[in-house]
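Coordinates as given in protein.json (JSON, C-alpha atoms):
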```json
[["chain", "number", "residue", "atom", "x", "y", "z"],
["A", 26, "MET", "CA", 159.66, 62.63, 152.35],
["A", 27, "ARG", "CA", 159.27, 66.36, 151.85],
["A", 28, "ARG", "CA", 160.47, 68.80, 154.50],
["A", 29, "ASN", "CA", 158.12, 71.40, 155.92],
["A", 30, "VAL", "CA", 158.73, 74.55, 153.90],
["A", 31, "GLY", "CA", 157.01, 77.89, 153.83],
["A", 32, "ALA", "CA", 155.51, 79.89, 150.99],
["A", 33, "SER", "CA", 157.80, 81.97, 148.82],
["A", 34, "THR", "CA", 157.99, 85.74, 148.76],
["A", 35, "ARG", "CA", 159.43, 88.09, 146.17],
["A", 36, "GLN", "CA", 161.47, 91.14, 147.10],
["A", 37, "PRO", "CA", 163.03, 93.78, 144.85],
["A", 38, "LEU", "CA", 166.75, 94.48, 145.03],
["A", 39, "THR", "CA", 168.20, 97.55, 143.33],
["A", 40, "LEU", "CA", 171.77, 97.26, 142.05],
["A", 41, "GLY", "CA", 172.78, 100.50, 140.37],
["A", 42, "ASN", "CA", 170.06, 101.12, 137.79],
["A", 43, "LEU", "CA", 169.03, 97.45, 137.70],
["A", 44, "ALA", "CA", 166.01, 96.19, 139.65],
["A", 45, "VAL", "CA", 166.18, 92.46, 140.36],
["A", 46, "MET", "CA", 163.29, 90.37, 141.66],
["A", 47, "GLU", "CA", 164.62, 87.54, 143.80],
["A", 48, "GLU", "CA", 162.49, 84.90, 145.49],
["A", 49, "PHE", "CA", 162.61, 83.65, 149.05],
["A", 50, "CYS", "CA", 161.40, 80.51, 150.76],
["A", 51, "ARG", "CA", 161.63, 79.27, 154.33],
["A", 52, "VAL", "CA", 163.17, 75.91, 155.14],
["A", 53, "GLY", "CA", 162.78, 75.31, 158.86],
["A", 54, "ASP", "CA", 164.53, 78.22, 160.56],
["A", 55, "ILE", "CA", 166.41, 79.22, 157.40],
["A", 56, "GLU", "CA", 165.18, 81.60, 154.70],
["A", 57, "LEU", "CA", 166.83, 81.03, 151.33],
["A", 58, "CYS", "CA", 167.11, 83.54, 148.52],
["A", 59, "TYR", "CA", 166.98, 82.02, 145.03],
["A", 60, "GLU", "CA", 166.51, 82.84, 141.37],
["A", 61, "SER", "CA", 165.41, 80.71, 138.40],
["A", 62, "PHE", "CA", 166.23, 80.63, 134.69],
["A", 63, "GLY", "CA", 164.50, 78.77, 131.88],
["A", 64, "ASP", "CA", 161.29, 76.80, 131.53],
["A", 65, "LEU", "CA", 159.69, 75.43, 134.70],
["A", 66, "ALA", "CA", 158.58, 72.40, 132.71],
["A", 67, "ASP", "CA", 162.20, 71.36, 132.04],
["A", 68, "PRO", "CA", 164.24, 69.17, 134.41],
["A", 69, "THR", "CA", 165.61, 71.25, 137.27],
["A", 70, "MET", "CA", 169.35, 71.87, 137.63],
["A", 71, "LEU", "CA", 170.34, 73.25, 141.04],
["A", 72, "LEU", "CA", 173.57, 75.28, 141.24],
["A", 73, "VAL", "CA", 175.32, 75.33, 144.64],
["A", 74, "MET", "CA", 178.03, 77.95, 145.19],
["A", 75, "GLY", "CA", 181.16, 77.82, 147.33],
["A", 76, "LEU", "CA", 182.65, 79.21, 150.51],
["A", 77, "GLY", "CA", 181.75, 82.80, 151.28],
["A", 78, "THR", "CA", 180.45, 83.25, 147.74],
["A", 79, "GLN", "CA", 176.98, 84.39, 146.74],
["A", 80, "MET", "CA", 174.80, 82.94, 144.01],
["A", 81, "VAL", "CA", 175.70, 85.87, 141.73],
["A", 82, "ALA", "CA", 179.02, 84.13, 141.05],
["A", 83, "TRP", "CA", 176.95, 81.79, 138.87],
["A", 84, "ARG", "CA", 176.80, 84.41, 136.14],
["A", 85, "PRO", "CA", 173.38, 84.95, 134.53],
["A", 86, "ASP", "CA", 174.67, 84.06, 131.05],
["A", 87, "PHE", "CA", 176.22, 80.85, 132.45],
["A", 88, "CYS", "CA", 172.78, 79.95, 133.85],
["A", 89, "GLU", "CA", 171.09, 80.93, 130.59],
["A", 90, "GLN", "CA", 173.44, 78.72, 128.58],
["A", 91, "LEU", "CA", 172.53, 75.75, 130.77],
["A", 92, "ALA", "CA", 168.85, 76.64, 130.42],
["A", 93, "GLY", "CA", 169.36, 76.69, 126.65],
["A", 94, "HIS", "CA", 170.24, 73.00, 126.86],
["A", 95, "GLY", "CA", 166.79, 72.25, 128.24],
["A", 96, "PHE", "CA", 167.08, 72.75, 131.99],
["A", 97, "HIS", "CA", 165.20, 74.81, 134.54],
["A", 98, "VAL", "CA", 168.22, 76.33, 136.32],
["A", 99, "VAL", "CA", 168.07, 77.49, 139.94],
["A", 100, "ARG", "CA", 170.82, 79.36, 141.78],
["A", 101, "PHE", "CA", 170.60, 80.31, 145.47],
["A", 102, "ASP", "CA", 172.46, 81.82, 148.40],
["A", 103, "ASN", "CA", 173.56, 79.25, 150.95],
["A", 104, "ARG", "CA", 172.79, 80.00, 154.59],
["A", 105, "ASP", "CA", 175.12, 82.63, 156.10],
["A", 106, "ILE", "CA", 175.75, 84.40, 152.78],
["A", 107, "GLY", "CA", 174.10, 86.99, 150.56],
["A", 108, "ARG", "CA", 170.40, 87.50, 151.20],
["A", 109, "SER", "CA", 169.76, 84.15, 152.89],
["A", 110, "THR", "CA", 169.55, 83.82, 156.67],
["A", 111, "LYS", "CA", 172.64, 84.72, 158.69],
["A", 112, "VAL", "CA", 172.89, 82.06, 161.38],
["A", 113, "GLY", "CA", 174.76, 84.39, 163.71],
["A", 114, "GLY", "CA", 176.96, 83.53, 166.63],
["A", 115, "ARG", "CA", 180.70, 83.59, 167.12],
["A", 116, "PRO", "CA", 182.76, 82.36, 164.13],
["A", 117, "PRO", "CA", 185.31, 79.60, 164.75],
["A", 118, "THR", "CA", 188.68, 80.45, 166.23],
["A", 119, "VAL", "CA", 191.91, 79.97, 164.32],
["A", 120, "ALA", "CA", 192.87, 77.25, 166.82],
["A", 121, "GLN", "CA", 189.63, 75.36, 166.14],
["A", 122, "LEU", "CA", 190.19, 75.58, 162.38],
["A", 123, "LEU", "CA", 193.83, 74.52, 162.51],
["A", 124, "SER", "CA", 193.09, 71.60, 164.84],
["A", 125, "ARG", "CA", 190.07, 70.62, 162.74],
["A", 126, "SER", "CA", 187.93, 70.59, 165.86],
["A", 127, "PRO", "CA", 184.27, 69.55, 165.52],
["A", 128, "LYS", "CA", 183.58, 72.58, 167.73],
["A", 129, "ALA", "CA", 184.51, 74.81, 164.77],
["A", 130, "GLY", "CA", 181.05, 74.36, 163.26],
["A", 131, "ARG", "CA", 177.73, 75.78, 164.42],
["A", 132, "TYR", "CA", 176.31, 73.54, 161.69],
["A", 133, "ARG", "CA", 177.57, 70.93, 159.23],
["A", 134, "LEU", "CA", 177.63, 70.44, 155.46],
["A", 135, "SER", "CA", 174.75, 68.00, 156.00],
["A", 136, "ASP", "CA", 172.65, 70.91, 157.32],
["A", 137, "MET", "CA", 173.50, 72.96, 154.24],
["A", 138, "ALA", "CA", 172.59, 69.98, 152.04],
["A", 139, "ALA", "CA", 169.27, 69.73, 153.88],
["A", 140, "ASP", "CA", 168.65, 73.43, 153.12],
["A", 141, "ALA", "CA", 169.07, 72.67, 149.41],
["A", 142, "ILE", "CA", 166.74, 69.68, 149.64],
["A", 143, "GLY", "CA", 164.19, 71.95, 151.32],
["A", 144, "LEU", "CA", 164.47, 74.38, 148.41],
["A", 145, "LEU", "CA", 163.70, 71.51, 146.02],
["A", 146, "ASP", "CA", 160.69, 70.66, 148.19],
["A", 147, "HIS", "CA", 159.50, 74.24, 147.95],
["A", 148, "LEU", "CA", 159.88, 74.14, 144.17],
["A", 149, "LYS", "CA", 157.96, 70.83, 144.11],
["A", 150, "VAL", "CA", 160.93, 69.14, 142.44],
["A", 151, "GLU", "CA", 161.19, 65.44, 143.25],
["A", 152, "ALA", "CA", 164.76, 65.12, 141.93],
["A", 153, "ALA", "CA", 167.22, 67.51, 140.31],
["A", 154, "HIS", "CA", 170.55, 67.58, 138.55],
["A", 155, "VAL", "CA", 172.89, 69.10, 141.14],
["A", 156, "VAL", "CA", 176.01, 71.12, 140.30],
["A", 157, "GLY", "CA", 178.34, 72.37, 143.05],
["A", 158, "ALA", "CA", 181.51, 74.46, 142.96],
["A", 159, "SER", "CA", 184.20, 74.28, 145.67],
["A", 160, "MET", "CA", 182.32, 74.11, 149.02],
["A", 161, "GLY", "CA", 179.21, 73.84, 146.86],
["A", 162, "GLY", "CA", 180.70, 70.65, 145.45],
["A", 163, "MET", "CA", 180.97, 69.31, 149.00],
["A", 164, "ILE", "CA", 177.32, 70.21, 149.65],
["A", 165, "ALA", "CA", 176.29, 68.63, 146.34],
["A", 166, "GLN", "CA", 178.22, 65.44, 147.21],
["A", 167, "THR", "CA", 176.47, 65.36, 150.59],
["A", 168, "MET", "CA", 173.09, 65.74, 148.91],
["A", 169, "ALA", "CA", 173.84, 62.84, 146.58],
["A", 170, "ALA", "CA", 175.13, 60.65, 149.41],
["A", 171, "LEU", "CA", 172.44, 61.35, 152.01],
["A", 172, "HIS", "CA", 169.46, 62.01, 149.72],
["A", 173, "PRO", "CA", 170.13, 59.75, 146.71],
["A", 174, "ASP", "CA", 166.50, 59.77, 145.55],
["A", 175, "ARG", "CA", 166.62, 63.57, 145.13],
["A", 176, "VAL", "CA", 169.74, 63.80, 142.91],
["A", 177, "LEU", "CA", 169.46, 62.78, 139.25],
["A", 178, "SER", "CA", 173.08, 63.60, 138.45],
["A", 179, "LEU", "CA", 176.02, 65.21, 140.22],
["A", 180, "ALA", "CA", 178.67, 67.60, 138.91],
["A", 181, "SER", "CA", 181.36, 68.30, 141.49],
["A", 182, "ILE", "CA", 183.58, 71.20, 140.41],
["A", 183, "MET", "CA", 186.97, 72.12, 141.99],
["A", 184, "SER", "CA", 186.07, 70.33, 145.22],
["A", 185, "ASN", "CA", 187.25, 67.48, 147.44],
["A", 186, "THR", "CA", 186.10, 64.77, 149.88],
["A", 187, "GLY", "CA", 187.45, 66.33, 153.06],
["A", 188, "ASN", "CA", 190.53, 64.08, 152.98],
["A", 189, "ARG", "CA", 193.10, 66.28, 154.73],
["A", 190, "TRP", "CA", 195.92, 64.99, 152.52],
["A", 191, "LYS", "CA", 194.21, 65.64, 149.18],
["A", 192, "GLY", "CA", 193.19, 68.88, 147.50],
["A", 193, "GLN", "CA", 194.79, 71.16, 150.08],
["A", 194, "PRO", "CA", 195.74, 74.80, 149.34],
["A", 195, "HIS", "CA", 199.21, 75.73, 148.18],
["A", 196, "LEU", "CA", 201.17, 77.18, 151.10],
["A", 197, "LYS", "CA", 201.75, 80.47, 149.30],
["A", 198, "LEU", "CA", 198.01, 81.24, 149.51],
["A", 199, "TYR", "CA", 197.79, 81.17, 153.30],
["A", 200, "PRO", "CA", 198.98, 84.76, 153.90],
["A", 201, "LEU", "CA", 196.36, 86.08, 151.46],
["A", 202, "PHE", "CA", 193.49, 84.19, 153.07],
["A", 203, "LEU", "CA", 194.53, 84.92, 156.65],
["A", 204, "ARG", "CA", 193.97, 88.64, 156.01],
["A", 205, "ARG", "CA", 190.58, 89.94, 157.04],
["A", 206, "ALA", "CA", 188.48, 91.15, 154.08],
["A", 207, "PRO", "CA", 188.01, 94.95, 154.05],
["A", 208, "THR", "CA", 184.69, 96.43, 155.15],
["A", 209, "ASP", "CA", 184.95, 99.34, 152.69],
["A", 210, "ARG", "CA", 183.22, 98.69, 149.34],
["A", 211, "GLU", "CA", 186.04, 99.85, 147.04],
["A", 212, "ALA", "CA", 188.70, 98.16, 149.17],
["A", 213, "PHE", "CA", 186.67, 94.93, 149.13],
["A", 214, "MET", "CA", 186.47, 95.04, 145.33],
["A", 215, "SER", "CA", 190.25, 95.46, 145.11],
["A", 216, "HIS", "CA", 190.77, 92.68, 147.65],
["A", 217, "MET", "CA", 188.69, 90.24, 145.59],
["A", 218, "ALA", "CA", 190.60, 91.22, 142.44],
["A", 219, "ARG", "CA", 193.83, 90.29, 144.26],
["A", 220, "VAL", "CA", 192.34, 87.01, 145.48],
["A", 221, "PHE", "CA", 191.36, 85.89, 141.99],
["A", 222, "ALA", "CA", 194.66, 87.05, 140.54],
["A", 223, "ALA", "CA", 196.20, 84.51, 142.94],
["A", 224, "ILE", "CA", 193.75, 81.60, 142.63],
["A", 225, "GLY", "CA", 192.17, 82.15, 139.21],
["A", 226, "SER", "CA", 192.87, 80.44, 135.90],
["A", 227, "PRO", "CA", 196.35, 81.43, 134.69],
["A", 228, "ASP", "CA", 195.85, 80.26, 131.11],
["A", 229, "PHE", "CA", 192.48, 81.92, 130.48],
["A", 230, "ASP", "CA", 191.77, 85.63, 130.12],
["A", 231, "ARG", "CA", 190.84, 87.17, 133.47],
["A", 232, "ASP", "CA", 188.27, 89.96, 133.31],
["A", 233, "GLU", "CA", 189.15, 92.10, 136.32],
["A", 234, "ASP", "CA", 186.23, 94.42, 135.62],
["A", 235, "GLU", "CA", 183.82, 91.50, 135.95],
["A", 236, "ILE", "CA", 185.52, 90.27, 139.13],
["A", 237, "ARG", "CA", 185.16, 93.73, 140.64],
["A", 238, "ALA", "CA", 181.53, 93.91, 139.45],
["A", 239, "ILE", "CA", 180.71, 90.58, 141.15],
["A", 240, "ALA", "CA", 182.42, 91.82, 144.31],
["A", 241, "ALA", "CA", 180.42, 95.07, 144.22],
["A", 242, "GLU", "CA", 177.15, 93.23, 143.66],
["A", 243, "SER", "CA", 177.96, 90.85, 146.52],
["A", 244, "PHE", "CA", 178.87, 93.74, 148.82],
["A", 245, "ASP", "CA", 175.59, 95.49, 148.04],
["A", 246, "ARG", "CA", 173.51, 92.32, 148.57],
["A", 247, "GLY", "CA", 175.00, 91.71, 152.02],
["A", 248, "HIS", "CA", 178.66, 91.59, 153.06],
["A", 249, "ASP", "CA", 179.23, 89.55, 156.24],
["A", 250, "PRO", "CA", 182.71, 87.99, 156.59],
["A", 251, "ALA", "CA", 181.61, 86.18, 159.77],
["A", 252, "GLY", "CA", 179.14, 84.16, 157.69],
["A", 253, "GLY", "CA", 181.92, 82.87, 155.46],
["A", 254, "ALA", "CA", 183.95, 81.97, 158.55],
["A", 255, "ARG", "CA", 181.01, 79.97, 159.92],
["A", 256, "GLN", "CA", 180.73, 78.16, 156.57],
["A", 257, "LEU", "CA", 184.43, 77.30, 156.84],
["A", 258, "GLY", "CA", 183.68, 75.97, 160.32],
["A", 259, "ALA", "CA", 181.03, 73.71, 158.78],
["A", 260, "ILE", "CA", 183.58, 72.28, 156.34],
["A", 261, "VAL", "CA", 186.12, 71.63, 159.10],
["A", 262, "ALA", "CA", 183.54, 70.15, 161.50],
["A", 263, "SER", "CA", 182.25, 67.80, 158.79],
["A", 264, "GLY", "CA", 185.67, 66.14, 158.61],
["A", 265, "ASP", "CA", 186.71, 63.50, 156.11],
["A", 266, "ARG", "CA", 183.60, 62.53, 154.11],
["A", 267, "SER", "CA", 185.31, 59.86, 151.98],
["A", 268, "ALA", "CA", 183.22, 56.97, 153.29],
["A", 269, "GLU", "CA", 180.03, 58.97, 152.74],
["A", 270, "VAL", "CA", 181.06, 59.99, 149.22],
["A", 271, "ARG", "CA", 181.68, 56.36, 148.25],
["A", 272, "ARG", "CA", 177.94, 55.73, 148.68],
["A", 273, "ILE", "CA", 177.01, 58.07, 145.82],
["A", 274, "THR", "CA", 175.18, 56.28, 143.02],
["A", 275, "ALA", "CA", 174.10, 59.22, 140.82],
["A", 276, "PRO", "CA", 175.91, 59.61, 137.49],
["A", 277, "THR", "CA", 178.79, 61.90, 138.39],
["A", 278, "VAL", "CA", 181.29, 64.12, 136.63],
["A", 279, "VAL", "CA", 184.19, 65.59, 138.59],
["A", 280, "ILE", "CA", 185.51, 68.78, 136.97],
["A", 281, "HIS", "CA", 188.77, 70.30, 138.16],
["A", 282, "GLY", "CA", 191.32, 72.83, 137.01],
["A", 283, "ALA", "CA", 194.75, 71.38, 136.34],
["A", 284, "LYS", "CA", 196.26, 74.59, 137.79],
["A", 285, "ASP", "CA", 194.00, 75.01, 140.82],
["A", 286, "LEU", "CA", 196.13, 76.26, 143.74],
["A", 287, "LEU", "CA", 193.30, 76.56, 146.30],
["A", 288, "VAL", "CA", 191.87, 73.04, 145.99],
["A", 289, "ARG", "CA", 194.72, 71.32, 144.22],
["A", 290, "PRO", "CA", 193.95, 68.74, 141.51],
["A", 291, "SER", "CA", 194.57, 65.84, 143.90],
["A", 292, "GLY", "CA", 191.22, 66.79, 145.47],
["A", 293, "GLY", "CA", 189.42, 66.21, 142.18],
["A", 294, "ARG", "CA", 191.26, 62.96, 141.51],
["A", 295, "GLU", "CA", 190.43, 61.69, 145.01],
["A", 296, "THR", "CA", 186.77, 62.61, 144.53],
["A", 297, "ALA", "CA", 186.62, 60.75, 141.21],
["A", 298, "ARG", "CA", 188.30, 57.71, 142.76],
["A", 299, "ALA", "CA", 185.80, 57.68, 145.62],
["A", 300, "ILE", "CA", 182.61, 57.86, 143.53],
["A", 301, "PRO", "CA", 181.88, 54.64, 141.62],
["A", 302, "GLY", "CA", 181.58, 55.12, 137.87],
["A", 303, "SER", "CA", 182.39, 58.82, 137.96],
["A", 304, "LYS", "CA", 184.16, 60.64, 135.14],
["A", 305, "LEU", "CA", 187.08, 63.00, 135.81],
["A", 306, "VAL", "CA", 187.44, 66.06, 133.57],
["A", 307, "LEU", "CA", 190.72, 67.94, 134.16],
["A", 308, "ILE", "CA", 190.76, 71.29, 132.36],
["A", 309, "ASP", "CA", 194.20, 72.50, 131.32],
["A", 310, "GLY", "CA", 195.03, 76.03, 132.46],
["A", 311, "MET", "CA", 192.02, 76.33, 134.78],
["A", 312, "GLY", "CA", 192.49, 77.47, 138.36],
["A", 313, "HIS", "CA", 189.97, 77.95, 141.16],
["A", 314, "ASP", "CA", 187.34, 79.93, 139.32],
["A", 315, "LEU", "CA", 184.74, 79.59, 136.59],
["A", 316, "ALA", "CA", 186.79, 81.28, 133.88],
["A", 317, "ARG", "CA", 184.65, 82.22, 130.88],
["A", 318, "GLY", "CA", 187.17, 80.63, 128.54],
["A", 319, "ALA", "CA", 186.55, 77.30, 130.29],
["A", 320, "TRP", "CA", 182.75, 77.55, 130.11],
["A", 321, "PRO", "CA", 182.41, 75.43, 126.95],
["A", 322, "GLN", "CA", 184.26, 72.55, 128.65],
["A", 323, "ILE", "CA", 182.51, 73.01, 132.01],
["A", 324, "ILE", "CA", 179.00, 73.35, 130.55],
["A", 325, "GLY", "CA", 179.65, 70.55, 128.06],
["A", 326, "ALA", "CA", 180.70, 68.17, 130.84],
["A", 327, "ILE", "CA", 177.72, 69.10, 133.04],
["A", 328, "VAL", "CA", 175.22, 68.62, 130.22],
["A", 329, "GLU", "CA", 176.79, 65.37, 129.00],
["A", 330, "ASN", "CA", 176.65, 63.96, 132.53],
["A", 331, "ALA", "CA", 173.03, 65.04, 132.98],
["A", 332, "ARG", "CA", 172.15, 63.29, 129.72],
["A", 333, "ARG", "CA", 173.75, 60.12, 131.14],
["A", 334, "ALA", "CA", 171.23, 60.28, 133.95],
["A", 335, "ALA", "CA", 168.21, 60.71, 131.67],
["A", 336, "PRO", "CA", 167.86, 57.06, 130.56],
["A", 337, "ALA", "CA", 168.17, 55.81, 134.16],
["A", 338, "ALA", "CA", 165.56, 58.32, 135.35],
["A", 339, "ALA", "CA", 163.21, 57.35, 132.52],
["A", 340, "GLY", "CA", 163.63, 53.68, 133.38],
["A", 341, "ALA", "CA", 162.92, 54.29, 137.05],
["A", 342, "ALA", "CA", 159.81, 56.30, 136.19],
["A", 343, "ALA", "CA", 158.57, 53.55, 133.88],
["A", 344, "GLY", "CA", 159.13, 50.96, 136.60],
["A", 345, "ALA", "CA", 157.25, 53.03, 139.14],
["A", 346, "LYS", "CA", 154.34, 53.51, 136.71],
["A", 347, "ALA", "CA", 154.17, 49.78, 136.01],
["A", 348, "ALA", "CA", 154.16, 49.00, 139.74]]
```
Spit out the file's structure as structure tokens when you get a sec.
Amino acid sequence: MRRNVGASTRQPLTLGNLAVMEEFCRVGDIELCYESFGDLADPTMLLVMGLGTQMVAWRPDFCEQLAGHGFHVVRFDNRDIGRSTKVGGRPPTVAQLLSRSPKAGRYRLSDMAADAIGLLDHLKVEAAHVVGASMGGMIAQTMAALHPDRVLSLASIMSNTGNRWKGQPHLKLYPLFLRRAPTDREAFMSHMARVFAAIGSPDFDRDEDEIRAIAAESFDRGHDPAGGARQLGAIVASGDRSAEVRRITAPTVVIHGAKDLLVRPSGGRETARAIPGSKLVLIDGMGHDLARGAWPQIIGAIVENARRAAPAAAGAAAGAKAA
């Protein structure tokens, strides 16, 4: 059943000398900002980004490469980030986060998954290939578990199932992430460069200029640290989703960096164990980022998994037509 969604609007955004036309649609009380790449006639591939991270982290040429494989690619800002609706309200306290209290969340990952389903409704897409990174992987898993008829294939990247003993951050990262992000633009860019120096892929070239450019673009589109904190509250309040994840039936690939310090590789292994028939792709030298040097392996795994779904989708369509 389709959710009640509003008509889309287009608004210009100026970044330096570049004018970008982004689209907006309303899903219930939430307005989502999104952008598309490729041919509308191709199967849709929805990209879901992670905690406190805007859709611009899915780089345009990454999206274009996926589109070149025959997909209509859509990236979007989750609620509470970028140019999508800021839910507002007090962010969770440190005590609520550390105790994993359900009170930490003003909403849940299931609400964020429902936002994404509403975007598909707006696009008139019955089912899509869904790719999620980090928290986006959790949202994508939730979509596949709770809305199985809407997910053709699932790619879960550097994510976990919410199991508190698997895929947890390395202790040395806690001091970095307990610091409040700067509110000054230049300081924020430098802060994000330090973050990715700590969590990024150690065995791939790191382009600090690009990291700073993404940070600048994100700052200009809408910098709200409280939104990221509320998203973290949603993760905590959603708890261990292992039982839910085991219900996933979509063809699934689990992609993880072998040197990920933020969501350690045990999170990827646990995810692959939980999802029947899934394939685990561990990428040597990859940390908690989408390093350009790893793109051939990441994109190759996503596309191969989506192709696995194609025969099943064709068979289901033929069965429905015959009925």
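The residue that comes closest to His281 (chain A), out of A:Leu71, A:Leu123, A:Ala319, A:Leu307 and on the basis of only C-alpha atoms, is A:Leu307.
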Margin query: Residues within 8 Å of region 320-327 of chain A, please, as a list of chain:residue names. Count all atoms listed in the file; anything in the same chain fewer than 6 positions from it doesn't count.
Written below: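 Once the nearby chain positions are removed, what remains is A:Phe87, A:Gln90, A:Leu91, A:Val156, A:Ala180, A:Val278, A:Ile280, A:Val306, A:Ile308.
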Next item on the list: Using only C-alpha atoms, pick whichever of A:Ala170, A:Ala158, A:Met217, A:Leu286 has the shortest atom-to-atom distance to Leu315 (chain A).
Entry: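 Smallest distance to Leu315 (chain A) is found for A:Ala158.
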What are the nearest atom pairs, with distances in Å to one decimal, for all residues of region 172-204 of chain A that come at most 12 Å from region 220-239 of chain A, using only C-alpha atoms, set out by chain and rising residue number as CSV?
```
residue,atom,partner,partner_atom,distance
A:Met183,CA,A:Gly225,CA,11.6
A:Pro194,CA,A:Ile224,CA,9.8
A:His195,CA,A:Ile224,CA,9.8
A:Lys197,CA,A:Ala223,CA,9.4
A:Leu198,CA,A:Ala223,CA,7.6
A:Tyr199,CA,A:Ala223,CA,11.0
A:Pro200,CA,A:Val220,CA,11.0
A:Leu201,CA,A:Val220,CA,7.3
A:Phe202,CA,A:Val220,CA,8.2
A:Leu203,CA,A:Val220,CA,11.6
A:Arg204,CA,A:Val220,CA,10.8
```
Note to self: Calculated over all atoms listed in the file, which of the candidates A:Val99, A:Gly162, A:Met70, A:Leu144 has the smallest distance to Val328 (chain A)?
What the structure shows: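 Between A:Val99, A:Gly162, A:Met70, A:Leu144, the residue approaching Val328 (chain A) most closely is A:Met70.
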Item checked: For CA of Gly282 (chain A) and CA of Ser61 (chain A), the interatomic separation in Å (one decimal) ->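 Atom-to-atom, CA of Gly282 (chain A) and CA of Ser61 (chain A) are spaced 27.1 Å apart.
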Next item on the list: Would you mind reading off the distance between CA of Pro276 (chain A) and CA of Ala334 (chain A), one decimal, in Å?
Entry: 5.9 Å
Margin query: I want to know what sits within 8 Å of Ala169 (chain A), based on all atoms listed in the file, with residues of the same chain fewer than 2 positions away left out; could you give that as a list in words?
Written below: Ala165, Gln166, Thr167, Leu171, His172, Pro173, Arg175, Val176, Leu179, Ile273, Thr274 and Ala275 of chain A
Item checked: Nearest residue to Gly143 (chain A) from the set A:Pro250, A:Gly53, A:Pro116, A:Pro290 (distances using only C-alpha atoms) ->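 The shortest atom-to-atom distance to Gly143 (chain A) comes from A:Gly53.
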Item checked: Closest of A:Gln121, A:Thr208, A:Thr277, A:Thr186 to Arg333 (chain A) - atom-to-atom distances counting all atoms listed in the file -> A:Thr277
Notebook entry, point to check: So how many Å separate CA of Ala129 (chain A) and CA of Arg271 (chain A), to one decimal?
Noted result: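 Separation between CA of Ala129 (chain A) and CA of Arg271 (chain A): 24.9 Å.
For the set A:Arg133, A:Val81, A:Glu242, A:Gly75, the residue with the smallest atom-to-atom gap to Val288 (chain A) is A:Gly75, counting only C-alpha atoms.
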Next item on the list: Extract, using only C-alpha atoms, all DNA, RNA and protein residues at most 10 Å from region 101-107 of chain A, discarding same-chain residues fewer than 4 positions from it, and format them as a ChimeraX atom specification.
Entry: /A:47-49,55-61,71-81,83,111-113,136-138,140-141,144,161,164,242-256
Next item on the list: For Arg125 (chain A), work out the shell of residues within 7 Å, counting all atoms listed in the file and skipping chain neighbours fewer than 3 positions away, then give it as JSON, numbers by chain.
Entry: {"A": [121, 122, 261, 262]}
So that I can check the surroundings of Leu134 (chain A), please list as a short mmCIF file (atom, residue, chain, number, x, y, z; two decimals) with C-alpha atoms, in the frame of the given file every protein, DNA and RNA residue that reaches within 7 Å of it, counting only C-alpha atoms and ignoring chain neighbours fewer than 5 positions away.
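Saved as part_2.cif:
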```cif
data_model
loop_
_atom_site.label_atom_id
_atom_site.label_comp_id
_atom_site.auth_asym_id
_atom_site.auth_seq_id
_atom_site.Cartn_x
_atom_site.Cartn_y
_atom_site.Cartn_z
CA ILE A 164 177.32 70.21 149.65
CA ALA A 259 181.03 73.71 158.78
CA ILE A 260 183.58 72.28 156.34
CA SER A 263 182.25 67.80 158.79
#
```
Once N, CA and C atoms are restored for region 85-94 of chain A, what would the output be as an mmCIF file, in the coordinates of the input?
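Printed below is out.cif as written:
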```cif
data_model
loop_
_atom_site.group_PDB
_atom_site.id
_atom_site.type_symbol
_atom_site.label_atom_id
_atom_site.label_comp_id
_atom_site.auth_asym_id
_atom_site.auth_seq_id
_atom_site.Cartn_x
_atom_site.Cartn_y
_atom_site.Cartn_z
ATOM 1 N N PRO A 85 174.657 85.166 135.202
ATOM 2 C CA PRO A 85 173.380 84.950 134.530
ATOM 3 C C PRO A 85 173.521 84.285 133.161
ATOM 4 N N ASP A 86 174.545 84.672 132.376
ATOM 5 C CA ASP A 86 174.670 84.060 131.050
ATOM 6 C C ASP A 86 175.168 82.611 131.151
ATOM 7 N N PHE A 87 175.877 82.254 132.207
ATOM 8 C CA PHE A 87 176.220 80.850 132.450
ATOM 9 C C PHE A 87 174.930 80.064 132.689
ATOM 10 N N CYS A 88 174.061 80.600 133.551
ATOM 11 C CA CYS A 88 172.780 79.950 133.850
ATOM 12 C C CYS A 88 171.915 79.856 132.596
ATOM 13 N N GLU A 89 171.912 80.913 131.807
ATOM 14 C CA GLU A 89 171.090 80.930 130.590
ATOM 15 C C GLU A 89 171.600 79.916 129.566
ATOM 16 N N GLN A 90 172.918 79.729 129.501
ATOM 17 C CA GLN A 90 173.440 78.720 128.580
ATOM 18 C C GLN A 90 173.000 77.313 128.996
ATOM 19 N N LEU A 91 173.029 77.040 130.299
ATOM 20 C CA LEU A 91 172.530 75.750 130.770
ATOM 21 C C LEU A 91 171.035 75.607 130.475
ATOM 22 N N ALA A 92 170.289 76.678 130.706
ATOM 23 C CA ALA A 92 168.850 76.640 130.420
ATOM 24 C C ALA A 92 168.604 76.384 128.938
ATOM 25 N N GLY A 93 169.491 76.906 128.093
ATOM 26 C CA GLY A 93 169.360 76.690 126.650
ATOM 27 C C GLY A 93 169.526 75.242 126.246
ATOM 28 N N HIS A 94 170.120 74.438 127.121
ATOM 29 C CA HIS A 94 170.240 73.000 126.860
ATOM 30 C C HIS A 94 169.041 72.213 127.373
#
```
